[in-house]
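Q: See target-v2.cif below, with mmCIF, C-alpha atoms.
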data_entry
#
loop_
_atom_site.label_atom_id
_atom_site.label_comp_id
_atom_site.auth_asym_id
_atom_site.auth_seq_id
_atom_site.Cartn_x
_atom_site.Cartn_y
_atom_site.Cartn_z
CA MET K 260 125.07 -16.97 10.82
CA GLU K 261 123.28 -13.60 10.74
CA HIS K 262 122.25 -12.49 7.27
CA THR K 263 120.95 -8.93 6.93
CA ALA K 264 118.75 -7.98 4.00
CA VAL K 265 118.95 -4.25 3.29
CA VAL K 266 115.68 -3.20 1.66
CA LEU K 267 116.25 -0.12 -0.49
CA MET K 268 112.86 1.60 -0.54
CA ASN K 269 112.02 4.00 -3.34
CA LEU K 270 108.85 5.34 -4.92
CA GLY K 271 109.25 3.50 -8.21
CA GLY K 272 108.21 4.25 -11.76
CA PRO K 273 106.98 2.58 -14.95
CA ARG K 274 109.48 0.31 -16.68
CA SER K 275 107.72 0.86 -20.00
CA LEU K 276 104.97 3.04 -21.42
CA ASP K 277 102.55 0.14 -20.89
CA GLU K 278 103.14 0.42 -17.13
CA VAL K 279 102.31 4.13 -16.87
CA GLU K 280 98.60 3.71 -16.09
CA PRO K 281 99.03 0.83 -13.57
CA TYR K 282 101.78 2.85 -11.88
CA LEU K 283 99.55 5.92 -11.59
CA TYR K 284 96.74 3.77 -10.21
CA GLU K 285 98.96 2.52 -7.39
CA LEU K 286 100.13 6.06 -6.74
CA PHE K 287 96.64 7.49 -6.39
CA SER K 288 95.41 4.48 -4.41
CA ASP K 289 97.71 5.21 -1.46
CA PRO K 290 96.18 7.79 0.93
CA LEU K 291 99.64 8.71 2.22
CA LEU K 292 101.06 9.36 -1.23
CA ILE K 293 98.05 11.32 -2.46
CA SER K 294 96.26 12.83 0.54
CA ALA K 295 92.93 13.71 -1.05
CA PRO K 296 89.66 12.98 0.79
CA PHE K 297 88.48 10.20 -1.51
CA GLY K 298 87.28 7.93 1.31
CA PRO K 299 85.82 4.57 0.28
CA LEU K 300 85.65 5.80 -3.32
CA ARG K 301 89.45 5.98 -3.56
CA PRO K 302 89.87 2.86 -5.78
CA LEU K 303 87.29 4.15 -8.24
CA VAL K 304 88.68 7.69 -8.22
CA ALA K 305 92.22 6.36 -8.57
CA LYS K 306 91.13 4.34 -11.59
CA LEU K 307 89.53 7.36 -13.23
CA ILE K 308 92.45 9.70 -12.50
CA SER K 309 95.07 7.22 -13.69
CA ARG K 310 93.19 6.61 -16.91
CA PHE K 311 92.77 10.35 -17.48
CA ARG K 312 96.41 11.24 -16.67
CA ALA K 313 98.10 8.28 -18.36
CA PRO K 314 98.33 9.76 -21.90
CA SER K 315 99.98 13.01 -20.77
CA SER K 316 102.27 11.14 -18.36
CA ALA K 317 103.25 8.72 -21.12
CA GLU K 318 104.23 11.67 -23.31
CA LYS K 319 106.60 12.87 -20.60
CA TYR K 320 108.13 9.42 -20.15
CA ALA K 321 108.54 9.14 -23.91
CA LEU K 322 110.72 12.25 -23.79
CA ILE K 323 113.11 10.64 -21.29
CA GLY K 324 113.46 7.26 -22.99
CA GLY K 325 110.06 5.61 -22.69
CA LYS K 326 110.41 4.56 -19.07
CA SER K 327 111.55 5.69 -15.65
CA PRO K 328 115.24 4.94 -15.01
CA ILE K 329 114.61 4.81 -11.26
CA VAL K 330 114.17 1.02 -11.20
CA GLU K 331 117.48 0.30 -12.93
CA GLY K 332 119.17 3.06 -10.96
CA THR K 333 118.01 1.66 -7.62
CA ALA K 334 119.17 -1.82 -8.66
CA GLN K 335 122.60 -0.38 -9.42
CA GLN K 336 122.67 1.29 -6.00
CA ALA K 337 121.71 -2.02 -4.39
CA ARG K 338 124.58 -3.84 -6.11
CA ALA K 339 127.07 -1.12 -5.20
CA LEU K 340 125.94 -1.07 -1.57
CA GLU K 341 126.08 -4.86 -1.36
CA ARG K 342 129.71 -4.76 -2.52
CA PHE K 343 130.50 -2.11 0.09
CA LEU K 344 128.85 -4.00 2.96
CA GLY K 345 130.41 -7.35 2.06
CA PRO K 346 129.59 -10.84 3.37
CA GLY K 347 126.50 -11.27 5.51
CA PHE K 348 124.48 -8.69 3.58
CA SER K 349 122.22 -8.67 0.57
CA CYS K 350 120.47 -5.62 -0.89
CA HIS K 351 117.01 -5.59 -2.44
CA PRO K 352 115.16 -2.73 -4.22
CA ALA K 353 111.54 -2.28 -3.10
CA MET K 354 109.32 0.11 -5.04
CA ARG K 355 106.29 1.53 -3.31
CA CYS K 356 104.52 1.65 -6.67
CA GLY K 357 105.35 -0.65 -9.55
CA HIS K 358 107.99 -3.37 -9.63
CA PRO K 359 109.92 -4.79 -7.96
CA SER K 360 107.29 -4.34 -5.28
CA THR K 361 107.94 -4.56 -1.55
CA GLU K 362 106.48 -8.07 -1.55
CA GLU K 363 108.86 -9.10 -4.33
CA ALA K 364 111.80 -7.59 -2.44
CA VAL K 365 110.89 -9.49 0.72
CA ARG K 366 110.54 -12.71 -1.23
CA ASP K 367 114.02 -12.19 -2.73
CA ALA K 368 115.47 -11.34 0.68
CA LEU K 369 114.09 -14.48 2.30
CA GLY K 370 115.30 -16.52 -0.65
CA ALA K 371 118.78 -15.13 -0.05
CA GLY K 372 118.64 -16.44 3.52
CA ALA K 373 117.88 -13.23 5.39
CA THR K 374 117.48 -13.62 9.14
CA ARG K 375 116.71 -9.92 9.64
CA ALA K 376 116.06 -6.87 7.51
CA LEU K 377 117.04 -3.24 7.60
CA ALA K 378 114.71 -0.74 5.94
CA LEU K 379 116.75 1.88 4.09
CA PRO K 380 114.59 4.58 2.50
CA LEU K 381 116.19 6.24 -0.50
CA TYR K 382 114.33 9.40 0.44
CA PRO K 383 116.97 11.41 2.36
CA GLN K 384 114.35 13.52 4.13
CA TYR K 385 111.51 11.79 5.98
CA ALA K 386 107.96 12.52 4.84
CA ASN K 387 104.76 10.66 5.58
CA ALA K 388 103.97 10.48 1.87
CA THR K 389 107.19 8.64 1.05
CA THR K 390 109.12 7.19 3.98
CA LYS K 391 106.15 6.35 6.18
CA SER K 392 104.20 4.81 3.31
CA SER K 393 107.13 2.58 2.34
CA LEU K 394 107.82 1.59 5.95
CA LEU K 395 104.19 0.65 6.56
CA GLU K 396 104.18 -1.57 3.49
CA LEU K 397 107.42 -3.28 4.55
CA ARG K 398 106.07 -3.87 8.06
CA ARG K 399 102.98 -5.41 6.51
CA VAL K 400 104.85 -7.99 4.43
CA TRP K 401 108.02 -8.71 6.43
CA PRO K 402 107.69 -11.88 8.60
CA LYS K 403 106.71 -10.95 12.13
CA ASP K 404 109.09 -13.51 13.63
CA ARG K 405 112.21 -11.89 12.12
CA PRO K 406 113.75 -8.59 13.27
CA LEU K 407 113.21 -5.46 11.20
CA VAL K 408 115.45 -2.45 11.80
CA GLU K 409 114.13 0.84 10.43
CA ILE K 410 116.05 3.89 9.25
CA CYS K 411 113.64 6.83 9.08
CA THR K 412 115.70 9.81 7.91
CA TRP K 413 119.29 10.64 7.08
CA HIS K 414 118.90 14.24 5.95
CA ASP K 415 121.59 15.32 8.42
CA HIS K 416 124.07 12.47 7.93
CA ASP K 417 127.59 13.82 7.41
CA GLY K 418 128.47 11.32 4.70
CA TYR K 419 125.37 12.16 2.67
CA LEU K 420 125.88 15.90 3.06
CA ASP K 421 129.56 15.63 2.11
CA ALA K 422 128.66 13.65 -1.03
CA SER K 423 125.92 16.14 -1.89
CA ALA K 424 128.33 19.04 -1.45
CA ALA K 425 131.03 17.33 -3.52
CA ALA K 426 128.59 16.80 -6.39
CA LEU K 427 127.60 20.47 -6.23
CA ARG K 428 131.23 21.64 -6.13
CA GLU K 429 132.01 19.62 -9.24
CA VAL K 430 129.30 21.43 -11.20
CA LEU K 431 130.20 24.84 -9.76
CA ALA K 432 133.76 24.27 -10.97
CA THR K 433 132.49 24.14 -14.58
CA VAL K 434 131.01 27.66 -14.40
CA PRO K 435 133.13 30.10 -16.44
CA ALA K 436 135.12 32.50 -14.29
CA ASP K 437 133.26 35.55 -15.55
CA GLU K 438 129.92 34.03 -14.47
CA ARG K 439 130.78 32.90 -10.96
CA ASP K 440 129.51 36.05 -9.30
CA SER K 441 126.13 35.46 -10.94
CA VAL K 442 125.64 31.89 -9.68
CA LEU K 443 122.42 31.08 -7.86
CA VAL K 444 122.09 27.52 -6.52
CA VAL K 445 118.48 26.34 -6.58
CA PHE K 446 117.75 23.32 -4.39
CA SER K 447 114.60 21.78 -5.83
CA ALA K 448 112.66 19.22 -3.77
CA HIS K 449 109.43 17.39 -4.43
CA GLY K 450 106.56 19.42 -3.05
CA LEU K 451 104.16 18.49 -0.27
CA PRO K 452 100.57 19.63 0.30
CA MET K 453 100.30 22.29 2.98
CA SER K 454 97.65 20.16 4.66
CA GLN K 455 100.43 17.67 5.50
CA VAL K 456 102.75 20.42 6.68
CA ARG K 457 100.07 21.77 9.02
CA LYS K 458 99.76 18.28 10.52
CA GLY K 459 103.39 18.46 11.59
CA ASP K 460 105.23 16.62 8.79
CA PRO K 461 108.93 17.46 9.37
CA TYR K 462 109.80 17.27 5.66
CA PRO K 463 110.18 21.05 5.02
CA GLN K 464 112.61 21.48 7.93
CA TYR K 465 114.62 18.46 6.82
CA ILE K 466 114.85 19.82 3.26
CA GLU K 467 116.02 23.19 4.58
CA HIS K 468 118.69 21.50 6.70
CA SER K 469 120.01 19.37 3.82
CA ALA K 470 120.09 22.37 1.47
CA ARG K 471 121.73 24.70 3.98
CA GLU K 472 124.44 22.20 4.92
CA THR K 473 125.10 21.21 1.30
CA ALA K 474 125.50 24.88 0.34
CA ARG K 475 127.77 25.57 3.31
CA ARG K 476 130.02 22.59 2.64
CA ALA K 477 130.19 23.38 -1.07
CA GLY K 478 130.95 27.04 -0.50
CA ALA K 479 127.83 28.22 -2.34
CA ALA K 480 127.18 31.79 -1.25
CA ARG K 481 123.70 32.27 -2.73
CA TYR K 482 121.02 29.63 -2.75
CA GLU K 483 117.27 29.18 -2.70
CA VAL K 484 115.04 26.22 -1.75
CA THR K 485 112.11 25.60 -4.09
CA PHE K 486 109.55 22.83 -4.57
CA GLN K 487 108.36 21.05 -7.70
CA SER K 488 105.94 18.47 -9.13
CA ARG K 489 102.70 19.70 -7.57
CA VAL K 490 99.68 17.42 -8.09
CA GLY K 491 96.11 18.78 -7.99
CA PRO K 492 94.65 22.19 -7.08
CA ALA K 493 95.40 22.19 -3.34
CA LYS K 494 97.99 24.60 -1.90
CA TRP K 495 101.49 23.08 -1.76
CA LEU K 496 104.84 24.09 -0.33
CA GLY K 497 106.48 26.94 -2.16
CA PRO K 498 108.03 28.71 -3.83
CA ASP K 499 107.32 26.65 -6.94
CA THR K 500 110.54 25.87 -8.82
CA ILE K 501 109.25 26.84 -12.26
CA ALA K 502 107.58 30.07 -11.13
CA PHE K 503 110.64 31.04 -9.10
CA LEU K 504 113.01 30.58 -12.04
CA GLU K 505 110.81 32.50 -14.44
CA ALA K 506 110.76 35.43 -11.99
CA ASN K 507 114.33 35.32 -10.63
CA ALA K 508 116.71 33.85 -13.21
CA ARG K 509 117.55 37.05 -15.10
CA ASP K 510 121.31 37.47 -15.58
CA ARG K 511 121.91 34.51 -13.26
CA THR K 512 123.79 31.29 -13.82
CA ILE K 513 121.37 28.77 -12.36
CA VAL K 514 122.71 25.59 -10.79
CA ALA K 515 119.82 23.27 -9.92
CA VAL K 516 120.27 20.60 -7.25
CA PRO K 517 117.74 17.73 -6.88
CA ILE K 518 118.16 17.76 -3.10
CA ALA K 519 115.37 15.23 -2.37
CA PHE K 520 116.23 12.79 -5.18
CA VAL K 521 119.16 10.38 -5.16
CA SER K 522 118.17 8.60 -8.40
CA GLU K 523 117.42 9.96 -11.85
CA HIS K 524 113.75 9.77 -12.78
CA LEU K 525 110.92 11.87 -14.20
CA GLU K 526 111.31 14.57 -11.57
CA THR K 527 114.93 15.17 -12.56
CA LEU K 528 115.03 14.34 -16.27
CA TYR K 529 111.74 16.06 -17.18
CA ASP K 530 110.80 18.49 -14.41
CA LEU K 531 114.33 19.87 -14.04
CA ASP K 532 116.20 19.16 -17.28
CA ILE K 533 113.28 20.23 -19.48
CA LEU K 534 110.78 22.38 -17.54
CA ALA K 535 113.21 24.12 -15.18
CA ALA K 536 115.71 24.68 -17.98
CA GLU K 537 112.98 26.25 -20.13
CA ALA K 538 111.81 28.39 -17.21
CA SER K 539 115.37 29.62 -16.64
CA GLN K 540 115.73 30.53 -20.29
CA LYS K 541 112.38 32.30 -20.23
CA GLY K 542 113.44 34.15 -17.11
CA GLY K 543 116.62 35.41 -18.76
CA ALA K 544 119.25 33.18 -17.18
CA ARG K 545 122.77 33.27 -18.54
CA ARG K 546 123.12 29.53 -18.15
CA PHE K 547 121.29 26.54 -16.60
CA LEU K 548 123.24 23.68 -15.07
CA ARG K 549 121.98 20.70 -13.10
CA VAL K 550 123.79 18.62 -10.49
CA PRO K 551 123.29 14.89 -11.24
CA ALA K 552 121.52 12.67 -8.73
CA LEU K 553 124.01 11.03 -6.37
CA ALA K 554 123.22 7.58 -7.80
CA THR K 555 126.27 5.31 -7.32
CA ARG K 556 128.93 7.90 -6.54
CA PRO K 557 131.47 6.06 -4.35
CA ASP K 558 131.23 8.68 -1.60
CA PHE K 559 127.44 8.39 -1.56
CA VAL K 560 127.48 4.57 -1.55
CA ALA K 561 129.94 4.71 1.35
CA ALA K 562 127.57 7.07 3.15
CA LEU K 563 124.68 4.65 2.66
CA GLY K 564 126.90 1.87 3.98
CA ARG K 565 127.67 3.84 7.12
CA ILE K 566 123.99 4.64 7.59
CA VAL K 567 123.26 0.90 7.48
CA GLN K 568 126.10 0.06 9.87
CA ASP K 569 125.11 2.82 12.30
CA GLY K 570 121.47 1.69 12.21
CA LEU K 571 122.41 -1.88 13.07
CA ARG K 572 124.81 -0.73 15.79
CA ASP K 573 122.19 1.51 17.36
CA GLN K 574 119.64 -1.30 17.29
CA THR K 575 122.11 -3.63 19.04
CA ALA K 576 122.80 -0.98 21.67
CA VAL K 577 119.08 -0.55 22.36
CA ALA K 578 118.55 -4.30 22.58
#
Could the structure of this file be written out as structure tokens, please?

A:
Amino acid sequence: MEHTAVVLMNLGGPRSLDEVEPYLYELFSDPLLISAPFGPLRPLVAKLISRFRAPSSAEKYALIGGKSPIVEGTAQQARALERFLGPGFSCHPAMRCGHPSTEEAVRDALGAGATRALALPLYPQYANATTKSSLLELRRVWPKDRPLVEICTWHDHDGYLDASAAALREVLATVPADERDSVLVVFSAHGLPMSQVRKGDPYPQYIEHSARETARRAGAARYEVTFQSRVGPAKWLGPDTIAFLEANARDRTIVAVPIAFVSEHLETLYDLDILAAEASQKGGARRFLRVPALATRPDFVAALGRIVQDGLRDQTAVA
């Protein structure tokens, strides 16, 4: 009997403050995740950077509970998706950095009796730094004699966009009536170095599509796409979320949407809930609200289930 292991690929995060430095080391060791020209010195440079950045990163994680909730959140998504898919499926979180690693996920999948795997990135919009890196690692460790079906992007999937729009509508409904004309929806996505964009990475266009369709389906008249979490001095996609809010929030009710994140983690709980909220206040906003990550919303889990089913159906049709 066919048994499909769905591998839920995410970036990962430290499960405790003790894991912050090892997590950063893995992050800076991957040339796709951090595209700096380190060359053969990358392991040494990654060691130095992770050691230097660990104390400040640990301070940020301490503010959100002493760990990243992305590992537990992805596990909850895996359990919810497994219930939706039913018999013949098992779901396994695979973190690109940290634990459970891709190797650990594959080991669990094989132990569950998997005869094939489907790679499901929990990055809605494809980017080389996230989706490609995770796919390459899964290809490396998945047995070559067993089929591997790959989902690359689902930024335009109707189920995902409907769930995203529903989550936005729910927050918009909480805005007081006398503030609704002042609402500005800010879709904030993780940034990307312009060097990657110039090489043809489709990520910016995918982000724009997801934001535009979410806004349209939610009935949001005014919105802006911004980018956050820049690393290093190189030029990144803009406008920067924090700078934009400081300059444009005056007399606005800001509704922030983590359009590239489907799990709560540092980029939502610190970069948005703390930094973006402070920037909005500094910029003179009337109010700052944030749409939660889609997490285990039933409509989002159903969308993931349909993405899995469509991926397997398309693979069968090709074969």

Q: Between K:Lys403, K:Arg471, K:His449, K:Arg545, which residue has the minimum interatomic distance to Leu420 of chain K, considering all atoms listed in the file?

A: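 Checking each candidate against Leu420 of chain K, we get K:Arg471 as the closest.
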
Q: Got a sec: who's within 7 Å of segment 550-556 of chain K, counting all atoms listed in the file, leaving out chain neighbours fewer than 4 positions off, as a list in words?

A: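 Near segment 550-556 of chain K, the qualifying residues are Gly332, Gln336, Ala339, Ala426, Leu427, Val430, Ala515, Val516, Pro517, Phe520, Val521, Ser522, Glu523 and Val560 of chain K.
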
Q: Could those residues be written to a file, using C-alpha atoms, as a PDB file, in the frame of the given file?

A:
ATOM      1  CA  GLY K 332     119.170   3.060 -10.960  1.00  0.00           C
ATOM      2  CA  GLN K 336     122.670   1.290  -6.000  1.00  0.00           C
ATOM      3  CA  ALA K 339     127.070  -1.120  -5.200  1.00  0.00           C
ATOM      4  CA  ALA K 426     128.590  16.800  -6.390  1.00  0.00           C
ATOM      5  CA  LEU K 427     127.600  20.470  -6.230  1.00  0.00           C
ATOM      6  CA  VAL K 430     129.300  21.430 -11.200  1.00  0.00           C
ATOM      7  CA  ALA K 515     119.820  23.270  -9.920  1.00  0.00           C
ATOM      8  CA  VAL K 516     120.270  20.600  -7.250  1.00  0.00           C
ATOM      9  CA  PRO K 517     117.740  17.730  -6.880  1.00  0.00           C
ATOM     10  CA  PHE K 520     116.230  12.790  -5.180  1.00  0.00           C
ATOM     11  CA  VAL K 521     119.160  10.380  -5.160  1.00  0.00           C
ATOM     12  CA  SER K 522     118.170   8.600  -8.400  1.00  0.00           C
ATOM     13  CA  GLU K 523     117.420   9.960 -11.850  1.00  0.00           C
ATOM     14  CA  VAL K 560     127.480   4.570  -1.550  1.00  0.00           C
TER      15      VAL K 560
END

Q: Using atom CA of Lys326 of chain K and atom CA of Phe486 of chain K as the two end points, give the distance in Å to one decimal.

A: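 Atom CA of Lys326 of chain K sits 23.3 Å away from atom CA of Phe486 of chain K.
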
Q: Which residues fall under the PyMOL selection byres ((chain K and resi 511) around 10) in this file, as a PDB file with C-alpha atoms, in the frame of the given file?

A:
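Heads up, here's the output in selection-v5.pdb:
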ATOM      1  CA  GLU K 438     129.920  34.030 -14.470  1.00  0.00           C
ATOM      2  CA  ARG K 439     130.780  32.900 -10.960  1.00  0.00           C
ATOM      3  CA  ASP K 440     129.510  36.050  -9.300  1.00  0.00           C
ATOM      4  CA  SER K 441     126.130  35.460 -10.940  1.00  0.00           C
ATOM      5  CA  VAL K 442     125.640  31.890  -9.680  1.00  0.00           C
ATOM      6  CA  LEU K 443     122.420  31.080  -7.860  1.00  0.00           C
ATOM      7  CA  VAL K 444     122.090  27.520  -6.520  1.00  0.00           C
ATOM      8  CA  LEU K 504     113.010  30.580 -12.040  1.00  0.00           C
ATOM      9  CA  ASN K 507     114.330  35.320 -10.630  1.00  0.00           C
ATOM     10  CA  ALA K 508     116.710  33.850 -13.210  1.00  0.00           C
ATOM     11  CA  ARG K 509     117.550  37.050 -15.100  1.00  0.00           C
ATOM     12  CA  ASP K 510     121.310  37.470 -15.580  1.00  0.00           C
ATOM     13  CA  THR K 512     123.790  31.290 -13.820  1.00  0.00           C
ATOM     14  CA  ILE K 513     121.370  28.770 -12.360  1.00  0.00           C
ATOM     15  CA  VAL K 514     122.710  25.590 -10.790  1.00  0.00           C
ATOM     16  CA  SER K 539     115.370  29.620 -16.640  1.00  0.00           C
ATOM     17  CA  GLY K 542     113.440  34.150 -17.110  1.00  0.00           C
ATOM     18  CA  GLY K 543     116.620  35.410 -18.760  1.00  0.00           C
ATOM     19  CA  ALA K 544     119.250  33.180 -17.180  1.00  0.00           C
ATOM     20  CA  ARG K 545     122.770  33.270 -18.540  1.00  0.00           C
ATOM     21  CA  ARG K 546     123.120  29.530 -18.150  1.00  0.00           C
ATOM     22  CA  PHE K 547     121.290  26.540 -16.600  1.00  0.00           C
TER      23      PHE K 547
END

Q: Find the residues around Pro492 of chain K up to 12 Å (all atoms listed in the file counted), leave out those fewer than 2 positions away in its own chain, and share them as an NGL selection string.

A: :K and (295 or 452-453 or 489-490 or 494-495)

Q: List the residues selected by the PyMOL selection byres ((chain K and resi 484) around 6) in the file shown, writing them as a PyMOL selection string.

A: chain K and resi 445-446+483+485

Q: One decimal, in Å: what's the spacing between atom CA of Gly450 of chain K and atom CA of Lys541 of chain K?

A: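 It comes out at 22.2 Å.
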
Q: Translate the PyMOL selection byres ((chain K and resi 324) around 12), as applied to the file shown, into an explicit residue set as a PyMOL selection string.

A: chain K and resi 273-276+317-323+325-328+524-525+528-529

Q: Selected residues, C-alpha atoms, written as a PDB file, in the coordinates of the input, please.

A:
ATOM      1  CA  PRO K 273     106.980   2.580 -14.950  1.00  0.00           C
ATOM      2  CA  ARG K 274     109.480   0.310 -16.680  1.00  0.00           C
ATOM      3  CA  SER K 275     107.720   0.860 -20.000  1.00  0.00           C
ATOM      4  CA  LEU K 276     104.970   3.040 -21.420  1.00  0.00           C
ATOM      5  CA  ALA K 317     103.250   8.720 -21.120  1.00  0.00           C
ATOM      6  CA  GLU K 318     104.230  11.670 -23.310  1.00  0.00           C
ATOM      7  CA  LYS K 319     106.600  12.870 -20.600  1.00  0.00           C
ATOM      8  CA  TYR K 320     108.130   9.420 -20.150  1.00  0.00           C
ATOM      9  CA  ALA K 321     108.540   9.140 -23.910  1.00  0.00           C
ATOM     10  CA  LEU K 322     110.720  12.250 -23.790  1.00  0.00           C
ATOM     11  CA  ILE K 323     113.110  10.640 -21.290  1.00  0.00           C
ATOM     12  CA  GLY K 325     110.060   5.610 -22.690  1.00  0.00           C
ATOM     13  CA  LYS K 326     110.410   4.560 -19.070  1.00  0.00           C
ATOM     14  CA  SER K 327     111.550   5.690 -15.650  1.00  0.00           C
ATOM     15  CA  PRO K 328     115.240   4.940 -15.010  1.00  0.00           C
ATOM     16  CA  HIS K 524     113.750   9.770 -12.780  1.00  0.00           C
ATOM     17  CA  LEU K 525     110.920  11.870 -14.200  1.00  0.00           C
ATOM     18  CA  LEU K 528     115.030  14.340 -16.270  1.00  0.00           C
ATOM     19  CA  TYR K 529     111.740  16.060 -17.180  1.00  0.00           C
TER      20      TYR K 529
END

Q: What is the distance, in Å and to one decimal place, between atom CA of Asp289 of chain K and atom CA of Ala502 of chain K?

A: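 Interatomic distance here is 28.4 Å.
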
Q: Within 12 Å of Arg428 of chain K, counting only C-alpha atoms, which residues qualify if same-chain residues fewer than 5 places away don't, as a ChimeraX atom specification?

A: /K:421-423,433-434,444,473-480,514,516,549-551

Q: Provide an axis-aligned box for all listed atoms of segment 492-495 of chain K, padding each side by 5 Å; report its centre and its edge lengths in Å to one decimal, as AutoDock Vina command-line options.

A:
--center_x 98.1 --center_y 23.4 --center_z -4.4 --size_x 16.8 --size_y 12.4 --size_z 15.3

Q: Let me make sure I understand: among K:Asp437, K:Glu526, K:Asp499, K:Asp558, which one has the smallest atom-to-atom distance to Ala538 of chain K if we use all atoms listed in the file?

A: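 Looking at the shortest contact to Ala538 of chain K, the residue is K:Asp499.
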
Q: Kindly indicate which residue among K:Ile410, K:Pro380, K:Pro557, K:Pro346 lies nearest to Arg572 of chain K, using all atoms listed in the file for the distances.

A: K:Ile410

Q: Using all atoms listed in the file, which residues sit within 8 Å of segment 393-400 of chain K once same-chain residues fewer than 3 positions away are excluded, as a list in words?

A: Met268, Asn269, Leu270, Arg355, Thr361, Glu362, Val365, Ala378, Pro380, Thr389, Thr390, Leu407 and Glu409 of chain K

Q: I need the residue nearest Tyr462 of chain K from this list: K:Leu283, K:Met260, K:Leu548, K:Ala448. Use only C-alpha atoms for the distance.

A: K:Ala448

Q: Measuring between only C-alpha atoms, which one of K:Gly272, K:Arg310, K:Ala305, K:Pro290 shows the shortest distance to Lys391 of chain K?

A: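 Selected residue with least distance to Lys391 of chain K: K:Pro290.
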
Q: With a distance cut-off of 12 Å and all atoms listed in the file, select the neighbouring residues of Arg338 of chain K, excluding the residue or stretch itself and same-chain residues fewer than 6 positions from it, and output the selection as a count of residues only.

A: 16
